[in-house]
>>> print(open('query.cif').read())   # mmCIF, C-alpha atoms
data_upload
#
loop_
_atom_site.label_atom_id
_atom_site.label_comp_id
_atom_site.auth_asym_id
_atom_site.auth_seq_id
_atom_site.Cartn_x
_atom_site.Cartn_y
_atom_site.Cartn_z
CA MET A 1 107.81 24.44 119.96
CA ASP A 2 105.48 21.46 119.53
CA ASP A 3 101.68 21.40 119.76
CA ALA A 4 101.69 20.40 123.43
CA ASP A 5 103.80 23.44 124.30
CA ARG A 6 101.56 25.68 122.19
CA LEU A 7 98.53 24.53 124.16
CA VAL A 8 100.35 25.35 127.39
CA GLU A 9 100.99 28.83 125.96
CA LEU A 10 97.28 29.19 125.18
CA THR A 11 96.37 28.27 128.75
CA GLY A 12 98.69 30.99 130.01
CA PHE A 13 97.29 33.37 127.40
CA ALA A 14 93.74 32.85 128.74
CA ALA A 15 94.92 33.49 132.31
CA ARG A 16 96.70 36.72 131.28
CA LEU A 17 93.64 37.93 129.40
CA THR A 18 91.43 37.33 132.42
CA ALA A 19 93.64 39.60 134.51
CA ALA A 20 94.21 42.30 131.85
CA VAL A 21 92.57 45.75 131.90
CA GLY A 22 92.96 48.35 129.15
CA ALA A 23 94.95 48.46 125.92
CA ALA A 24 98.42 48.37 127.49
CA GLU A 25 97.70 45.24 129.50
CA LEU A 26 95.99 43.68 126.49
CA GLY A 27 99.20 44.18 124.55
CA ALA A 28 101.22 42.50 127.31
CA ALA A 29 98.75 39.60 127.55
CA THR A 30 99.09 38.80 123.84
CA ARG A 31 102.85 38.36 123.78
CA PHE A 32 104.11 34.87 122.96
CA PRO A 33 107.57 33.31 122.56
CA ASP A 34 109.04 33.79 119.09
CA ASP A 35 108.96 30.06 118.39
CA ALA A 36 105.29 29.60 119.36
CA GLY A 37 104.10 30.01 115.78
CA PHE A 38 101.56 32.72 116.69
CA THR A 39 101.33 35.95 114.68
CA ILE A 40 99.68 38.91 116.42
CA ARG A 41 97.72 41.64 114.62
CA PHE A 42 95.78 44.58 116.05
CA GLN A 43 92.60 45.89 114.47
CA ALA A 44 90.29 48.82 115.15
CA ASP A 45 87.25 47.90 117.23
CA GLU A 46 83.93 49.69 117.73
CA LEU A 47 81.69 50.81 120.57
CA TRP A 48 77.95 51.49 120.53
CA VAL A 49 77.22 54.84 122.18
CA ALA A 50 73.73 56.37 122.06
CA GLY A 51 72.86 54.27 119.04
CA ARG A 52 76.00 55.24 117.09
CA ARG A 53 79.14 53.27 116.32
CA LEU A 54 82.38 54.91 117.45
CA VAL A 55 85.96 53.77 117.05
CA SER A 56 87.13 52.25 120.33
CA PRO A 57 90.40 53.43 121.89
CA THR A 58 91.11 49.77 122.73
CA PRO A 59 91.95 47.58 119.73
CA ALA A 60 90.84 44.08 118.92
CA VAL A 61 93.57 41.42 118.69
CA VAL A 62 93.91 38.67 116.10
CA VAL A 63 96.19 35.70 116.83
CA ASP A 64 96.98 33.70 113.69
CA LEU A 65 98.17 30.13 114.24
CA ALA A 66 100.89 28.95 111.87
CA THR A 67 99.84 25.34 112.55
CA PRO A 68 96.12 24.60 113.05
CA LEU A 69 95.24 23.01 116.39
CA ASP A 70 92.44 20.61 117.25
CA ALA A 71 89.40 22.68 118.26
CA ALA A 72 88.36 20.50 121.19
CA VAL A 73 91.87 20.62 122.64
CA VAL A 74 92.10 24.40 122.20
CA CYS A 75 88.76 24.82 123.98
CA ARG A 76 90.04 22.83 126.95
CA ALA A 77 93.25 24.86 127.02
CA VAL A 78 91.46 28.23 127.20
CA GLY A 79 88.60 27.02 129.41
CA LEU A 80 85.81 27.20 126.84
CA GLN A 81 83.08 24.86 128.06
CA ARG A 82 80.07 23.67 126.02
CA PRO A 83 81.74 24.66 122.72
CA VAL A 84 79.70 24.72 119.51
CA GLY A 85 80.82 25.55 115.98
CA VAL A 86 78.53 28.15 114.40
CA SER A 87 78.57 30.60 111.52
CA GLY A 88 77.16 34.10 111.51
CA ASP A 89 78.00 34.42 107.83
CA VAL A 90 74.99 34.12 105.53
CA HIS A 91 77.13 32.03 103.16
CA GLN A 92 78.58 30.04 106.10
CA HIS A 93 82.17 30.60 105.01
CA ARG A 94 83.35 31.83 108.43
CA TRP A 95 82.99 29.42 111.35
CA GLU A 96 83.80 30.13 114.98
CA VAL A 97 83.55 28.39 118.34
CA LEU A 98 81.15 29.92 120.86
CA VAL A 99 79.69 28.88 124.20
CA ALA A 100 76.33 27.10 124.00
CA GLY A 101 73.75 28.79 126.18
CA ALA A 102 70.13 28.35 127.16
CA PRO A 103 67.54 26.90 124.77
CA VAL A 104 65.22 29.27 122.92
CA PRO A 105 61.54 28.29 122.63
CA ASP A 106 60.94 27.27 119.01
CA PRO A 107 58.33 24.70 117.91
CA HIS A 108 60.25 23.96 114.72
CA ALA A 109 63.87 23.54 115.85
CA HIS A 110 66.17 22.84 118.80
CA ARG A 111 67.40 26.44 119.02
CA ILE A 112 69.99 27.74 121.50
CA LEU A 113 71.64 30.99 122.49
CA VAL A 114 75.40 31.34 121.98
CA GLU A 115 78.01 33.83 123.13
CA PRO A 116 81.80 34.26 123.04
CA LEU A 117 83.95 32.97 125.87
CA ARG A 118 84.23 35.67 128.52
CA LEU A 119 87.68 36.14 130.01
CA GLY A 120 87.54 39.07 132.42
CA HIS A 121 87.04 42.22 130.35
CA TRP A 122 87.46 40.39 127.06
CA ALA A 123 85.58 38.13 124.63
CA LEU A 124 87.55 35.32 122.96
CA ARG A 125 86.45 33.71 119.68
CA PRO A 126 88.39 30.75 118.22
CA LEU A 127 87.94 30.68 114.42
CA LEU A 128 87.80 27.38 112.55
CA ALA A 129 89.42 26.39 109.27
CA GLY A 130 85.94 25.64 107.89
CA ARG A 131 82.67 23.89 108.58
CA PRO A 132 83.12 21.15 111.22
CA ALA A 133 83.01 17.61 109.86
CA GLY A 134 80.11 15.30 110.52
CA ALA A 135 76.38 15.07 109.94
CA LEU A 136 74.22 18.19 110.10
CA PRO A 137 73.33 18.70 113.78
CA GLN A 138 69.81 19.08 115.12
CA ARG A 139 70.70 22.17 117.17
CA VAL A 140 70.72 25.62 115.58
CA ALA A 141 71.87 29.05 116.75
CA GLY A 142 70.29 31.86 114.78
CA ALA A 143 70.28 30.64 111.18
CA SER A 144 73.34 28.42 111.67
CA PRO A 145 73.66 24.76 112.59
CA ALA A 146 75.43 24.38 115.95
CA TYR A 147 78.03 21.62 115.73
CA ASP A 148 79.27 19.91 118.89
CA VAL A 149 82.98 20.71 118.76
CA VAL A 150 83.89 18.20 121.47
CA ALA A 151 82.19 15.26 119.76
CA GLY A 152 83.05 16.31 116.22
CA SER A 153 86.18 17.49 114.49
CA GLY A 154 87.52 20.88 113.56
CA SER A 155 90.74 22.88 113.53
CA VAL A 156 91.35 26.32 115.02
CA VAL A 157 93.39 28.61 112.78
CA ARG A 158 92.86 31.96 114.48
CA LEU A 159 91.82 33.53 117.77
CA GLN A 160 90.05 36.88 118.02
CA VAL A 161 90.01 38.94 121.20
CA ALA A 162 87.98 42.11 121.74
CA ARG A 163 86.53 44.01 124.66
CA ARG A 164 83.27 42.52 125.81
CA GLU A 165 80.26 44.21 124.26
CA VAL A 166 79.60 47.69 125.63
CA TRP A 167 76.26 49.48 125.65
CA ALA A 168 76.29 53.15 126.57
CA ASP A 169 73.89 56.06 126.42
CA ILE A 170 74.12 59.83 126.88
CA LEU A 171 71.32 61.01 129.16
CA PRO A 172 70.38 64.23 130.95
CA ALA A 173 71.35 64.15 134.62
CA GLY A 174 67.67 64.20 135.56
CA HIS A 175 67.06 60.86 133.85
CA PRO A 176 66.49 58.05 136.41
CA HIS A 177 69.41 55.99 135.06
CA ALA A 178 71.81 58.90 135.52
CA SER A 179 70.41 60.18 138.82
CA VAL A 180 70.60 56.76 140.49
CA LEU A 181 74.35 56.60 139.80
CA LEU A 182 74.99 60.15 141.02
CA ALA A 183 72.87 59.58 144.12
CA GLY A 184 74.80 56.41 144.92
CA MET A 185 78.14 58.24 144.86
CA ALA A 186 76.69 61.14 146.87
CA ARG A 187 75.75 58.67 149.60
CA ALA A 188 79.17 56.99 149.46
CA ALA A 189 81.17 60.26 149.52
CA PRO A 190 78.88 63.01 150.89
CA SER A 191 81.74 65.34 151.86
CA TRP A 192 83.46 65.48 148.45
CA ARG A 193 84.23 69.16 148.16
CA LEU A 194 83.14 69.69 144.55
CA GLY A 195 79.72 68.27 145.35
CA TRP A 196 77.44 65.95 143.43
CA ASP A 197 74.79 68.56 142.49
CA VAL A 198 74.35 68.94 138.73
CA SER A 199 71.84 70.61 136.47
CA PRO A 200 69.08 68.21 135.36
CA GLU A 201 70.13 68.96 131.76
CA ASP A 202 73.82 68.16 132.21
CA PRO A 203 74.83 65.27 129.94
CA VAL A 204 75.80 62.05 131.70
CA VAL A 205 77.49 59.21 129.85
CA VAL A 206 75.97 56.00 131.25
CA VAL A 207 77.36 52.49 130.70
CA TYR A 208 75.05 49.53 131.21
CA ASP A 209 75.63 46.06 132.58
CA ASP A 210 72.79 43.64 131.74
CA ASP A 211 70.50 46.61 131.01
CA GLU A 212 71.17 48.19 134.41
CA PRO A 213 73.05 51.52 134.74
CA ALA A 214 76.47 50.56 136.12
CA ALA A 215 78.85 53.51 135.62
CA GLY A 216 78.69 57.10 134.45
CA ALA A 217 80.25 60.57 134.29
CA VAL A 218 79.39 64.09 133.22
CA LEU A 219 81.37 64.86 130.05
CA ARG A 220 82.20 68.25 128.57
CA LEU A 221 84.11 68.72 125.34
CA GLY A 222 86.37 71.64 124.50
CA GLU A 223 90.06 71.92 123.65
CA ILE A 224 90.35 69.08 126.13
CA ALA A 225 87.63 66.70 127.28
CA VAL A 226 86.76 66.85 130.97
CA ALA A 227 84.87 64.08 132.74
CA SER A 228 83.52 64.96 136.17
CA ARG A 229 81.51 63.22 138.86
CA LEU A 230 82.64 59.73 137.92
CA CYS A 231 80.38 57.16 139.50
CA ALA A 232 80.06 53.40 139.45
CA ALA A 233 77.60 51.05 141.08
CA PRO A 234 78.90 48.23 143.29
CA VAL A 235 79.63 45.20 141.14
CA SER A 236 80.20 41.54 141.76
CA GLY A 237 81.68 38.78 139.66
CA GLU A 238 83.19 39.90 136.36
CA GLY A 239 81.56 43.30 135.95
CA ASP A 240 83.76 45.73 134.01
CA ALA A 241 81.52 48.79 133.55
CA GLY A 242 84.09 51.16 135.05
CA SER A 243 86.74 50.14 132.53
CA SER A 244 84.18 50.31 129.73
CA LEU A 245 83.21 53.81 130.87
CA LEU A 246 86.77 55.02 130.27
CA ASP A 247 86.73 53.55 126.76
CA VAL A 248 83.42 55.27 126.00
CA LEU A 249 84.60 58.65 127.35
CA GLU A 250 87.80 58.38 125.29
CA ALA A 251 85.89 57.39 122.15
CA LEU A 252 83.58 60.41 122.49
CA ALA A 253 86.55 62.71 123.12
CA LEU A 254 88.39 61.37 120.07
CA GLU A 255 85.30 61.78 117.92
CA HIS A 256 85.12 65.43 118.97
CA GLY A 257 88.81 65.95 118.16
CA CYS A 258 90.07 66.27 121.74
CA GLY A 259 93.67 65.25 122.29
CA LEU A 260 93.40 64.98 126.07
CA LEU A 261 90.85 63.51 128.48
CA ARG A 262 90.97 64.76 132.06
CA LEU A 263 89.13 63.14 134.97
CA ASP A 264 88.38 65.41 137.91
CA SER A 265 89.10 64.46 141.52
CA SER A 266 86.01 62.22 141.69
CA ALA A 267 88.20 59.70 139.83
CA PHE A 268 90.10 59.10 143.08
CA LEU A 269 86.86 58.28 144.90
CA ALA A 270 85.80 55.85 142.17
CA SER A 271 89.21 54.30 141.46
CA ALA A 272 88.28 50.91 142.92
CA ARG A 273 85.57 50.52 140.26
CA VAL A 274 86.91 52.81 137.52
CA PRO A 275 90.52 51.58 137.05
CA TRP A 276 91.93 54.67 135.37
CA SER A 277 95.48 54.05 136.60
CA ARG A 278 95.53 50.77 134.61
CA HIS A 279 94.36 52.60 131.49
CA GLY A 280 97.45 54.81 131.34
CA TYR A 281 96.22 57.95 133.14
CA ARG A 282 98.69 60.10 135.03
CA VAL A 283 98.00 62.22 138.10
CA GLY A 284 98.44 65.98 138.02
CA PRO A 285 99.38 68.66 138.65
CA ASP A 286 102.83 68.19 140.17
CA TYR A 287 102.44 68.63 143.91
CA ALA A 288 103.68 72.04 145.07
CA GLY A 289 102.72 71.90 148.74
CA ASP A 290 99.23 73.36 148.39
CA THR A 291 96.72 70.82 149.74
CA ASP A 292 93.85 72.92 148.34
CA GLU A 293 95.12 72.61 144.76
CA PRO A 294 92.65 70.60 142.66
CA VAL A 295 93.99 67.27 141.46
CA TRP A 296 93.04 65.24 138.42
CA ALA A 297 94.04 62.30 136.27
CA GLU A 298 94.49 62.63 132.53
CA ARG A 299 95.49 60.69 129.44
CA ASP A 300 96.95 61.85 126.14
CA LEU A 301 94.55 60.54 123.50
CA ARG A 302 96.70 61.44 120.51
CA GLN A 303 98.05 57.92 120.78
CA ALA A 304 94.77 56.10 121.12
CA TRP A 305 96.50 52.75 121.54
CA SER A 306 99.17 52.07 124.11
CA PRO A 307 102.82 52.88 123.23
CA SER A 308 103.60 49.28 124.24
CA LEU A 309 101.83 48.07 121.08
CA PRO A 310 103.68 47.88 117.75
CA ARG A 311 104.13 51.34 116.28
CA GLU A 312 102.81 50.38 112.85
CA VAL A 313 99.38 49.46 114.21
CA ARG A 314 98.71 52.51 116.35
CA LEU A 315 95.96 54.84 115.35
CA SER A 316 97.10 58.08 113.76
CA SER A 317 98.29 60.70 116.23
CA ASP A 318 96.27 63.27 114.31
CA PRO A 319 92.86 63.88 115.93
CA PRO A 320 89.97 62.48 113.90
CA PRO A 321 87.62 64.91 112.14
CA ARG A 322 84.84 66.36 114.24
CA ALA A 323 81.58 64.47 114.28
CA ALA A 324 78.71 65.61 112.12
CA THR A 325 76.62 66.06 115.27
CA THR A 326 77.64 69.38 116.79
CA ALA A 327 78.07 69.83 120.52
CA PRO A 328 76.15 72.54 122.38
CA ALA A 329 77.90 75.87 122.67
CA ASP A 330 78.82 75.22 126.31
CA GLY A 331 80.88 72.17 125.34
CA ALA A 332 78.49 69.59 126.76
CA VAL A 333 78.32 66.38 124.79
CA PRO A 334 74.85 66.04 123.19
CA THR A 335 72.42 63.81 125.04
CA SER A 336 70.50 61.16 123.16
CA GLN A 337 67.58 63.53 122.75
CA GLN A 338 69.77 66.36 121.45
CA ALA A 339 71.49 64.03 119.01
CA SER A 340 68.10 62.99 117.72
CA ALA A 341 67.23 66.63 117.09
CA ASN A 342 70.45 66.92 115.05
CA GLY A 343 69.41 64.11 112.75
CA SER A 344 70.68 61.04 114.59
CA ALA A 345 68.62 57.90 114.27
CA TRP A 346 68.93 57.46 118.02
CA ARG A 347 65.83 58.15 120.06
CA GLU A 348 64.82 57.84 123.71
CA GLY A 349 63.68 54.31 124.33
CA TYR A 350 66.24 52.74 122.00
CA SER A 351 66.24 49.02 122.74
CA ARG A 352 69.64 47.74 123.88
CA THR A 353 69.36 44.28 122.37
CA ARG A 354 72.36 41.95 122.32
CA ARG A 355 73.96 41.29 118.99
CA SER A 356 73.86 37.60 118.14
#
>>> encode(input="query.cif", output="structure tokens")
Amino acid sequence: MDDADRLVELTGFAARLTAAVGAAELGAATRFPDDAGFTIRFQADELWVAGRRLVSPTPAVVVDLATPLDAAVVCRAVGLQRPVGVSGDVHQHRWEVLVAGAPVPDPHAHRILVEPLRLGHWALRPLLAGRPAGALPQRVAGASPAYDVVAGSGSVVRLQVARREVWADILPAGHPHASVLLAGMARAAPSWRLGWDVSPEDPVVVVYDDDEPAAGAVLRLGEIAVASRLCAAPVSGEGDAGSSLLDVLEALALEHGCGLLRLDSSAFLASARVPWSRHGYRVGPDYAGDTDEPVWAERDLRQAWSPSLPREVRLSSDPPPRAATTAPADGAVPTSQQASANGSAWREGYSRTRRS
């Protein structure tokens, strides 16, 4: 396969990523022909939940290119507009291509914001062989010069794909960010038989989109993890809070040592915005003719990554050790405030600032 064909493969790769949801579809999106010269690796990724880093149930993907490709051409193939070469490494050994954003007021420099290319639920970062050639640019991003990849030169040797950044909190149900989500679902489905009433102290996992509460669920941890009263705000564009919510719930369940996450019947009401069926959940129990029998959707977490991914890169099937922060006796996941009382550095009012 020549370079022109490889670029066609990368264009298709970007389209598949844009449509993919969850680990299984990520695995399918990152398959290439054997002669493409692309080597795929999967790595553990992380989520920020209530100020703590947890292992994500969805891996990051690394695509190594056997033959480096021109950076400007790669950017066109994957749809990365306004590309700049920057380095977040203090020694500037690692260079990547990001999207140039808005200018940042600075009397001493032409400073800009940068971010990875967004493709649906994912963030794509092309990595360069080294510092781009050419004179030192006037623009900077953070502490790094921001090279114009289109005008300059550079070679892409690797692509990194990970879920777009997720910010989540664990709040009591009486908190405004939790209650607004629950109230929205109560208005949308007022006759749901289990009801939307919760105790003000019940813990609600809340996922944010641009600092606004976008999806949530009450989570209780025991031999299995049970998420109830799933709710998601209406979204437009490329919002993916519902998918991110499932990742956060699974990460919390795995941290607690639960091998199974069960979503109660509210999952069926929220399925348009919380795509659990595309995350590998199965419906239960087997129908036996009783229309009053409660239904649920659940996923076996003992294989945290999809069986469609290479066996050697799956997480261990053994549950991880329990977290140092203990859950309340009733199995409720600790809220941010309770975690703080147990020694966590998290506190109410934590600032959800974007990582550069």
>>> resolve_selection(input="query.cif", expression="the PyMOL selection byres ((chain A and resi 86-95) around 6)", output="tab-separated table (two decimals) with C-alpha atoms, in the frame of the given file")
chain	number	residue	atom	x	y	z
A	85	GLY	CA	80.82	25.55	115.98
A	96	GLU	CA	83.80	30.13	114.98
A	127	LEU	CA	87.94	30.68	114.42
A	128	LEU	CA	87.80	27.38	112.55
A	130	GLY	CA	85.94	25.64	107.89
A	144	SER	CA	73.34	28.42	111.67
A	146	ALA	CA	75.43	24.38	115.95
>>> resolve_selection(input="query.cif", expression="the PyMOL selection byres ((chain A and resi 19-22) around 8)", output="list in words")
Ala15, Arg16, Leu17, Thr18, Ala23, Ala24, Glu25, Leu26, Ala29, Thr58, Gly120, His121, Ser243, Arg278 and His279 of chain A
>>> closest_residue(input="query.cif", among="A:Ala151, A:Ile170, A:Val157, A:Arg118", to="Ala133 of chain A", atoms="all atoms listed in the file")
A:Ala151
>>> residues_around(input="query.cif", residues="Asp106 of chain A", least_positions_apart="6", cutoff="12 Å", atoms="all atoms listed in the file", output="PyMOL selection string")
chain A and resi 112-113+139-142
>>> atom_distance(input="query.cif", atom1="atom CA of Glu250 of chain A", atom2="atom CA of Arg262 of chain A")
9.8 Å
>>> resolve_selection(input="query.cif", expression="the PyMOL selection byres ((chain A and resi 160) around 6)", output="NGL selection string")
:A and (61-62 or 124-125 or 159 or 161)
>>> residues_around(input="query.cif", residues="Arg273 of chain A", least_positions_apart="6", cutoff="9 Å", atoms="all atoms listed in the file", output="list in words")
Ala215, Cys231, Ala232, Ala233, Pro234, Val235, Asp240, Ala241, Gly242 and Ser243 of chain A
>>> residues_around(input="query.cif", residues="Leu182 of chain A", least_positions_apart="3", cutoff="12 Å", atoms="only C-alpha atoms", output="ChimeraX atom specification")
/A:172-179,185-190,195-200,202,204-206,213-218,228-233,266,270
>>> atom_distance(input="query.cif", atom1="atom CA of Val74 of chain A", atom2="atom CA of Ala102 of chain A")
22.9 Å
>>> residues_near_point(input="query.cif", point="(83.5, 60.0, 120.8)", cutoff="8 Å", atoms="only C-alpha atoms", output="PyMOL selection string")
chain A and resi 54-55+248-256
>>> closest_residue(input="query.cif", among="A:Gly27, A:Asp64, A:Leu136, A:Pro107", to="Ile40 of chain A", atoms="only C-alpha atoms")
A:Asp64
>>> residues_around(input="query.cif", residues="Leu7 of chain A", least_positions_apart="6", cutoff="12 Å", atoms="only C-alpha atoms", output="list in words")
Met1, Phe13, Ala14, Phe32, Ala36, Gly37, Phe38, Leu65, Thr67, Pro68, Leu69, Asp70, Ala71, Ala72, Val73, Val74, Cys75, Arg76, Ala77, Val78, Gly79 and Val156 of chain A
>>> write_last_selection(input="query.cif", atoms="C-alpha atoms", output="PDB file, keeping the file's coordinate frame")
ATOM      1  CA  MET A   1     107.810  24.440 119.960  1.00  0.00           C
ATOM      2  CA  PHE A  13      97.290  33.370 127.400  1.00  0.00           C
ATOM      3  CA  ALA A  14      93.740  32.850 128.740  1.00  0.00           C
ATOM      4  CA  PHE A  32     104.110  34.870 122.960  1.00  0.00           C
ATOM      5  CA  ALA A  36     105.290  29.600 119.360  1.00  0.00           C
ATOM      6  CA  GLY A  37     104.100  30.010 115.780  1.00  0.00           C
ATOM      7  CA  PHE A  38     101.560  32.720 116.690  1.00  0.00           C
ATOM      8  CA  LEU A  65      98.170  30.130 114.240  1.00  0.00           C
ATOM      9  CA  THR A  67      99.840  25.340 112.550  1.00  0.00           C
ATOM     10  CA  PRO A  68      96.120  24.600 113.050  1.00  0.00           C
ATOM     11  CA  LEU A  69      95.240  23.010 116.390  1.00  0.00           C
ATOM     12  CA  ASP A  70      92.440  20.610 117.250  1.00  0.00           C
ATOM     13  CA  ALA A  71      89.400  22.680 118.260  1.00  0.00           C
ATOM     14  CA  ALA A  72      88.360  20.500 121.190  1.00  0.00           C
ATOM     15  CA  VAL A  73      91.870  20.620 122.640  1.00  0.00           C
ATOM     16  CA  VAL A  74      92.100  24.400 122.200  1.00  0.00           C
ATOM     17  CA  CYS A  75      88.760  24.820 123.980  1.00  0.00           C
ATOM     18  CA  ARG A  76      90.040  22.830 126.950  1.00  0.00           C
ATOM     19  CA  ALA A  77      93.250  24.860 127.020  1.00  0.00           C
ATOM     20  CA  VAL A  78      91.460  28.230 127.200  1.00  0.00           C
ATOM     21  CA  GLY A  79      88.600  27.020 129.410  1.00  0.00           C
ATOM     22  CA  VAL A 156      91.350  26.320 115.020  1.00  0.00           C
TER      23      VAL A 156
END
>>> residues_around(input="query.cif", residues="Trp276 of chain A", least_positions_apart="6", cutoff="8 Å", atoms="all atoms listed in the file", output="mmCIF file with C-alpha atoms, in the frame of the given file")
data_model
loop_
_atom_site.group_PDB
_atom_site.id
_atom_site.type_symbol
_atom_site.label_atom_id
_atom_site.label_comp_id
_atom_site.auth_asym_id
_atom_site.auth_seq_id
_atom_site.Cartn_x
_atom_site.Cartn_y
_atom_site.Cartn_z
ATOM 1 C CA SER A 243 86.740 50.140 132.530
ATOM 2 C CA LEU A 246 86.770 55.020 130.270
ATOM 3 C CA ALA A 267 88.200 59.700 139.830
ATOM 4 C CA ALA A 297 94.040 62.300 136.270
#
>>> closest_residue(input="query.cif", among="A:Ile224, A:Leu181, A:Ala66, A:Val274", to="Glu212 of chain A", atoms="all atoms listed in the file")
A:Leu181
>>> decode(input="query.cif", residues="segment 10-70 of chain A", atoms="C-alpha atoms", output="PDB file, in the first residue's frame")
ATOM      1  CA  LEU A  10      -6.875   7.663   7.406  1.00  0.00           C
ATOM      2  CA  THR A  11      -9.851   9.527   5.938  1.00  0.00           C
ATOM      3  CA  GLY A  12     -11.996   6.445   6.464  1.00  0.00           C
ATOM      4  CA  PHE A  13     -10.526   6.028   9.945  1.00  0.00           C
ATOM      5  CA  ALA A  14     -11.645   9.562  10.905  1.00  0.00           C
ATOM      6  CA  ALA A  15     -15.157   8.874   9.603  1.00  0.00           C
ATOM      7  CA  ARG A  16     -15.392   5.600  11.572  1.00  0.00           C
ATOM      8  CA  LEU A  17     -14.193   7.309  14.742  1.00  0.00           C
ATOM      9  CA  THR A  18     -16.800  10.028  14.386  1.00  0.00           C
ATOM     10  CA  ALA A  19     -19.549   7.404  14.332  1.00  0.00           C
ATOM     11  CA  ALA A  20     -18.105   5.136  17.067  1.00  0.00           C
ATOM     12  CA  VAL A  21     -19.501   4.888  20.613  1.00  0.00           C
ATOM     13  CA  GLY A  22     -17.941   2.801  23.387  1.00  0.00           C
ATOM     14  CA  ALA A  23     -14.950   0.471  23.536  1.00  0.00           C
ATOM     15  CA  ALA A  24     -16.284  -2.183  21.151  1.00  0.00           C
ATOM     16  CA  GLU A  25     -16.974   0.312  18.375  1.00  0.00           C
ATOM     17  CA  LEU A  26     -13.638   1.996  19.046  1.00  0.00           C
ATOM     18  CA  GLY A  27     -11.955  -1.347  18.438  1.00  0.00           C
ATOM     19  CA  ALA A  28     -13.819  -1.770  15.147  1.00  0.00           C
ATOM     20  CA  ALA A  29     -12.993   1.787  14.051  1.00  0.00           C
ATOM     21  CA  THR A  30      -9.258   1.228  14.495  1.00  0.00           C
ATOM     22  CA  ARG A  31      -8.949  -1.800  12.234  1.00  0.00           C
ATOM     23  CA  PHE A  32      -6.832  -1.333   9.113  1.00  0.00           C
ATOM     24  CA  PRO A  33      -5.791  -3.620   6.236  1.00  0.00           C
ATOM     25  CA  ASP A  34      -2.726  -5.725   7.026  1.00  0.00           C
ATOM     26  CA  ASP A  35      -0.669  -3.974   4.366  1.00  0.00           C
ATOM     27  CA  ALA A  36      -1.470  -0.436   5.561  1.00  0.00           C
ATOM     28  CA  GLY A  37       1.660  -0.258   7.706  1.00  0.00           C
ATOM     29  CA  PHE A  38      -0.274   0.778  10.842  1.00  0.00           C
ATOM     30  CA  THR A  39       0.351  -0.948  14.181  1.00  0.00           C
ATOM     31  CA  ILE A  40      -2.423  -0.656  16.787  1.00  0.00           C
ATOM     32  CA  ARG A  41      -1.845  -0.617  20.544  1.00  0.00           C
ATOM     33  CA  PHE A  42      -4.332  -0.119  23.382  1.00  0.00           C
ATOM     34  CA  GLN A  43      -3.437   1.687  26.587  1.00  0.00           C
ATOM     35  CA  ALA A  44      -5.240   2.372  29.851  1.00  0.00           C
ATOM     36  CA  ASP A  45      -6.880   5.794  29.989  1.00  0.00           C
ATOM     37  CA  GLU A  46      -8.098   7.863  32.948  1.00  0.00           C
ATOM     38  CA  LEU A  47     -11.201   9.748  34.025  1.00  0.00           C
ATOM     39  CA  TRP A  48     -11.514  12.611  36.498  1.00  0.00           C
ATOM     40  CA  VAL A  49     -14.330  11.919  38.957  1.00  0.00           C
ATOM     41  CA  ALA A  50     -14.879  14.141  41.994  1.00  0.00           C
ATOM     42  CA  GLY A  51     -11.309  15.363  41.812  1.00  0.00           C
ATOM     43  CA  ARG A  52      -9.803  11.859  41.613  1.00  0.00           C
ATOM     44  CA  ARG A  53      -8.265   9.983  38.710  1.00  0.00           C
ATOM     45  CA  LEU A  54      -9.867   6.621  37.948  1.00  0.00           C
ATOM     46  CA  VAL A  55      -8.984   4.025  35.343  1.00  0.00           C
ATOM     47  CA  SER A  56     -11.409   4.348  32.438  1.00  0.00           C
ATOM     48  CA  PRO A  57     -13.221   1.247  31.157  1.00  0.00           C
ATOM     49  CA  THR A  58     -12.592   2.557  27.625  1.00  0.00           C
ATOM     50  CA  PRO A  59      -8.959   2.368  26.478  1.00  0.00           C
ATOM     51  CA  ALA A  60      -6.903   4.866  24.562  1.00  0.00           C
ATOM     52  CA  VAL A  61      -5.624   3.771  21.139  1.00  0.00           C
ATOM     53  CA  VAL A  62      -2.168   4.350  19.671  1.00  0.00           C
ATOM     54  CA  VAL A  63      -1.665   3.960  15.910  1.00  0.00           C
ATOM     55  CA  ASP A  64       2.022   3.696  14.988  1.00  0.00           C
ATOM     56  CA  LEU A  65       2.901   4.501  11.372  1.00  0.00           C
ATOM     57  CA  ALA A  66       5.605   2.319   9.841  1.00  0.00           C
ATOM     58  CA  THR A  67       6.319   5.083   7.310  1.00  0.00           C
ATOM     59  CA  PRO A  68       6.056   8.716   8.471  1.00  0.00           C
ATOM     60  CA  LEU A  69       3.553  10.836   6.546  1.00  0.00           C
ATOM     61  CA  ASP A  70       3.612  14.550   5.807  1.00  0.00           C
TER      62      ASP A  70
END
